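**Q** Before I ask anything, here is the structure I am working with.
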Amino acid sequence: DDKRGHSCLVWGKTGEGRDLHLVCGFAGETVWVITIYEPHPEKWETPIKRRVIE
């Protein structure tokens, strides 16, 4: 649960094949794009699997 409301992470690729993450928030029927970024390999094993940091 996020105290800021419902949100989701969307994975996609650029036209050049680079991975992108898009974070969306929801307010009623409105979808807000919060941020878009390239996932950093130190934090992500794959574009959709977060790396476990000990």
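By order in the structure tokens, chains are A, B, ...; within a chain, residues start at 1; ligands start at 1, following the order shown.
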Find the residues near A:Gly28: any atom within 12 Å, counting only C-alpha atoms, skip ones fewer than 5 places away on the same chain, and give them as a PyMOL selection string.
**A** chain A and resi 5-7
**Q** Extract, using only C-alpha atoms, all DNA, RNA and protein residues at most 10 Å from stretch 19-24 of chain A, discarding same-chain residues fewer than 6 positions from it, and format them as JSON, numbers by chain.
**A** {"A": [6, 7, 8, 9, 10, 11, 12, 13, 31, 32, 33, 34, 35, 36, 37, 38, 39, 40, 46, 47, 48]}
**Q** Go ahead and write the selection's residues with C-alpha atoms as a PDB file, in the first residue's frame.
**A**
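Resulting contents of part-v7.pdb:
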ATOM      1  CA  HIS A   6      -2.551   3.614  -6.244  1.00  0.00           C
ATOM      2  CA  SER A   7       0.377   3.426  -8.629  1.00  0.00           C
ATOM      3  CA  CYS A   8       2.069   1.002 -10.992  1.00  0.00           C
ATOM      4  CA  LEU A   9       5.363   0.445 -12.777  1.00  0.00           C
ATOM      5  CA  VAL A  10       5.228  -0.104 -16.543  1.00  0.00           C
ATOM      6  CA  TRP A  11       8.176  -1.544 -18.474  1.00  0.00           C
ATOM      7  CA  GLY A  12       8.811  -0.793 -22.136  1.00  0.00           C
ATOM      8  CA  LYS A  13      11.535  -0.254 -24.707  1.00  0.00           C
ATOM      9  CA  VAL A  31      -3.787   8.468 -14.939  1.00  0.00           C
ATOM     10  CA  TRP A  32      -0.756  10.580 -14.038  1.00  0.00           C
ATOM     11  CA  VAL A  33       2.733   9.927 -15.381  1.00  0.00           C
ATOM     12  CA  ILE A  34       4.941  10.460 -12.342  1.00  0.00           C
ATOM     13  CA  THR A  35       8.348   9.676 -13.820  1.00  0.00           C
ATOM     14  CA  ILE A  36      10.123   7.817 -16.621  1.00  0.00           C
ATOM     15  CA  TYR A  37      13.637   6.434 -16.201  1.00  0.00           C
ATOM     16  CA  GLU A  38      16.114   3.850 -17.480  1.00  0.00           C
ATOM     17  CA  PRO A  39      16.429   1.058 -14.883  1.00  0.00           C
ATOM     18  CA  HIS A  40      19.918   0.961 -13.353  1.00  0.00           C
ATOM     19  CA  THR A  46      16.400  -7.832 -15.463  1.00  0.00           C
ATOM     20  CA  PRO A  47      14.143  -4.991 -16.640  1.00  0.00           C
ATOM     21  CA  ILE A  48      11.294  -6.514 -14.586  1.00  0.00           C
TER      22      ILE A  48
END
**Q** As a PyMOL selection string, which residues of chain A does DSSP assign to strand (DSSP E)?
**A** chain A and resi 7-13+19-27+30-37+44-46+49-50
**Q** For the selection you just gave me, I'd like the residues written to a file as a PDB file, in the first residue's frame, keeping N, CA and C atoms.
**A**
ATOM      1  N   SER A   7      -0.618   3.143  -7.597  1.00  0.00           N
ATOM      2  CA  SER A   7       0.377   3.426  -8.629  1.00  0.00           C
ATOM      3  C   SER A   7       0.824   2.109  -9.253  1.00  0.00           C
ATOM      4  N   CYS A   8       1.528   2.207 -10.362  1.00  0.00           N
ATOM      5  CA  CYS A   8       2.069   1.002 -10.992  1.00  0.00           C
ATOM      6  C   CYS A   8       3.333   1.354 -11.762  1.00  0.00           C
ATOM      7  N   LEU A   9       4.135   0.325 -12.010  1.00  0.00           N
ATOM      8  CA  LEU A   9       5.363   0.445 -12.777  1.00  0.00           C
ATOM      9  C   LEU A   9       5.144  -0.255 -14.106  1.00  0.00           C
ATOM     10  N   VAL A  10       5.406   0.449 -15.198  1.00  0.00           N
ATOM     11  CA  VAL A  10       5.228  -0.104 -16.543  1.00  0.00           C
ATOM     12  C   VAL A  10       6.602  -0.194 -17.192  1.00  0.00           C
ATOM     13  N   TRP A  11       6.903  -1.344 -17.792  1.00  0.00           N
ATOM     14  CA  TRP A  11       8.176  -1.544 -18.474  1.00  0.00           C
ATOM     15  C   TRP A  11       7.952  -1.497 -19.971  1.00  0.00           C
ATOM     16  N   GLY A  12       8.878  -0.848 -20.680  1.00  0.00           N
ATOM     17  CA  GLY A  12       8.811  -0.793 -22.136  1.00  0.00           C
ATOM     18  C   GLY A  12      10.199  -0.595 -22.710  1.00  0.00           C
ATOM     19  N   LYS A  13      10.258  -0.458 -24.021  1.00  0.00           N
ATOM     20  CA  LYS A  13      11.535  -0.254 -24.707  1.00  0.00           C
ATOM     21  C   LYS A  13      11.420   0.953 -25.632  1.00  0.00           C
ATOM     22  N   ASP A  19      15.738  -0.206 -22.347  1.00  0.00           N
ATOM     23  CA  ASP A  19      14.658  -0.438 -21.392  1.00  0.00           C
ATOM     24  C   ASP A  19      14.239   0.869 -20.734  1.00  0.00           C
ATOM     25  N   LEU A  20      12.938   1.011 -20.475  1.00  0.00           N
ATOM     26  CA  LEU A  20      12.404   2.166 -19.757  1.00  0.00           C
ATOM     27  C   LEU A  20      11.412   1.702 -18.705  1.00  0.00           C
ATOM     28  N   HIS A  21      11.382   2.396 -17.581  1.00  0.00           N
ATOM     29  CA  HIS A  21      10.349   2.218 -16.567  1.00  0.00           C
ATOM     30  C   HIS A  21       9.525   3.498 -16.521  1.00  0.00           C
ATOM     31  N   LEU A  22       8.216   3.341 -16.471  1.00  0.00           N
ATOM     32  CA  LEU A  22       7.293   4.465 -16.366  1.00  0.00           C
ATOM     33  C   LEU A  22       6.469   4.234 -15.107  1.00  0.00           C
ATOM     34  N   VAL A  23       6.461   5.189 -14.194  1.00  0.00           N
ATOM     35  CA  VAL A  23       5.682   5.086 -12.969  1.00  0.00           C
ATOM     36  C   VAL A  23       4.429   5.935 -13.140  1.00  0.00           C
ATOM     37  N   CYS A  24       3.259   5.300 -12.943  1.00  0.00           N
ATOM     38  CA  CYS A  24       1.963   5.969 -13.101  1.00  0.00           C
ATOM     39  C   CYS A  24       1.238   6.005 -11.768  1.00  0.00           C
ATOM     40  N   GLY A  25       0.466   7.053 -11.563  1.00  0.00           N
ATOM     41  CA  GLY A  25      -0.420   7.149 -10.415  1.00  0.00           C
ATOM     42  C   GLY A  25      -1.843   7.303 -10.914  1.00  0.00           C
ATOM     43  N   PHE A  26      -2.805   6.951 -10.062  1.00  0.00           N
ATOM     44  CA  PHE A  26      -4.209   6.991 -10.453  1.00  0.00           C
ATOM     45  C   PHE A  26      -5.006   7.850  -9.481  1.00  0.00           C
ATOM     46  N   ALA A  27      -5.904   8.658 -10.020  1.00  0.00           N
ATOM     47  CA  ALA A  27      -6.830   9.456  -9.223  1.00  0.00           C
ATOM     48  C   ALA A  27      -8.170   9.413  -9.949  1.00  0.00           C
ATOM     49  N   THR A  30      -8.380   9.408 -13.853  1.00  0.00           N
ATOM     50  CA  THR A  30      -7.199  10.087 -14.378  1.00  0.00           C
ATOM     51  C   THR A  30      -5.942   9.272 -14.091  1.00  0.00           C
ATOM     52  N   VAL A  31      -5.085   9.132 -15.101  1.00  0.00           N
ATOM     53  CA  VAL A  31      -3.787   8.468 -14.939  1.00  0.00           C
ATOM     54  C   VAL A  31      -2.710   9.539 -15.055  1.00  0.00           C
ATOM     55  N   TRP A  32      -1.842   9.606 -14.060  1.00  0.00           N
ATOM     56  CA  TRP A  32      -0.756  10.580 -14.038  1.00  0.00           C
ATOM     57  C   TRP A  32       0.564   9.873 -14.304  1.00  0.00           C
ATOM     58  N   VAL A  33       1.371  10.416 -15.200  1.00  0.00           N
ATOM     59  CA  VAL A  33       2.733   9.927 -15.381  1.00  0.00           C
ATOM     60  C   VAL A  33       3.591  10.646 -14.348  1.00  0.00           C
ATOM     61  N   ILE A  34       4.154   9.874 -13.419  1.00  0.00           N
ATOM     62  CA  ILE A  34       4.941  10.460 -12.342  1.00  0.00           C
ATOM     63  C   ILE A  34       6.392  10.633 -12.769  1.00  0.00           C
ATOM     64  N   THR A  35       6.966   9.599 -13.355  1.00  0.00           N
ATOM     65  CA  THR A  35       8.348   9.676 -13.820  1.00  0.00           C
ATOM     66  C   THR A  35       8.624   8.584 -14.848  1.00  0.00           C
ATOM     67  N   ILE A  36       9.640   8.805 -15.659  1.00  0.00           N
ATOM     68  CA  ILE A  36      10.123   7.817 -16.621  1.00  0.00           C
ATOM     69  C   ILE A  36      11.640   7.771 -16.463  1.00  0.00           C
ATOM     70  N   TYR A  37      12.188   6.549 -16.375  1.00  0.00           N
ATOM     71  CA  TYR A  37      13.637   6.434 -16.201  1.00  0.00           C
ATOM     72  C   TYR A  37      14.149   5.135 -16.801  1.00  0.00           C
ATOM     73  N   TRP A  44      18.466  -3.571 -10.704  1.00  0.00           N
ATOM     74  CA  TRP A  44      17.560  -4.481 -11.406  1.00  0.00           C
ATOM     75  C   TRP A  44      18.340  -5.630 -12.034  1.00  0.00           C
ATOM     76  N   GLU A  45      17.952  -6.897 -11.720  1.00  0.00           N
ATOM     77  CA  GLU A  45      18.580  -8.065 -12.354  1.00  0.00           C
ATOM     78  C   GLU A  45      18.208  -8.126 -13.828  1.00  0.00           C
ATOM     79  N   THR A  46      16.929  -7.913 -14.104  1.00  0.00           N
ATOM     80  CA  THR A  46      16.400  -7.832 -15.463  1.00  0.00           C
ATOM     81  C   THR A  46      15.519  -6.589 -15.481  1.00  0.00           C
ATOM     82  N   LYS A  49      12.780  -7.571 -12.929  1.00  0.00           N
ATOM     83  CA  LYS A  49      13.085  -8.230 -11.656  1.00  0.00           C
ATOM     84  C   LYS A  49      14.081  -7.401 -10.859  1.00  0.00           C
ATOM     85  N   ARG A  50      13.608  -6.909  -9.702  1.00  0.00           N
ATOM     86  CA  ARG A  50      14.447  -6.067  -8.847  1.00  0.00           C
ATOM     87  C   ARG A  50      15.541  -6.906  -8.194  1.00  0.00           C
TER      88      ARG A  50
END
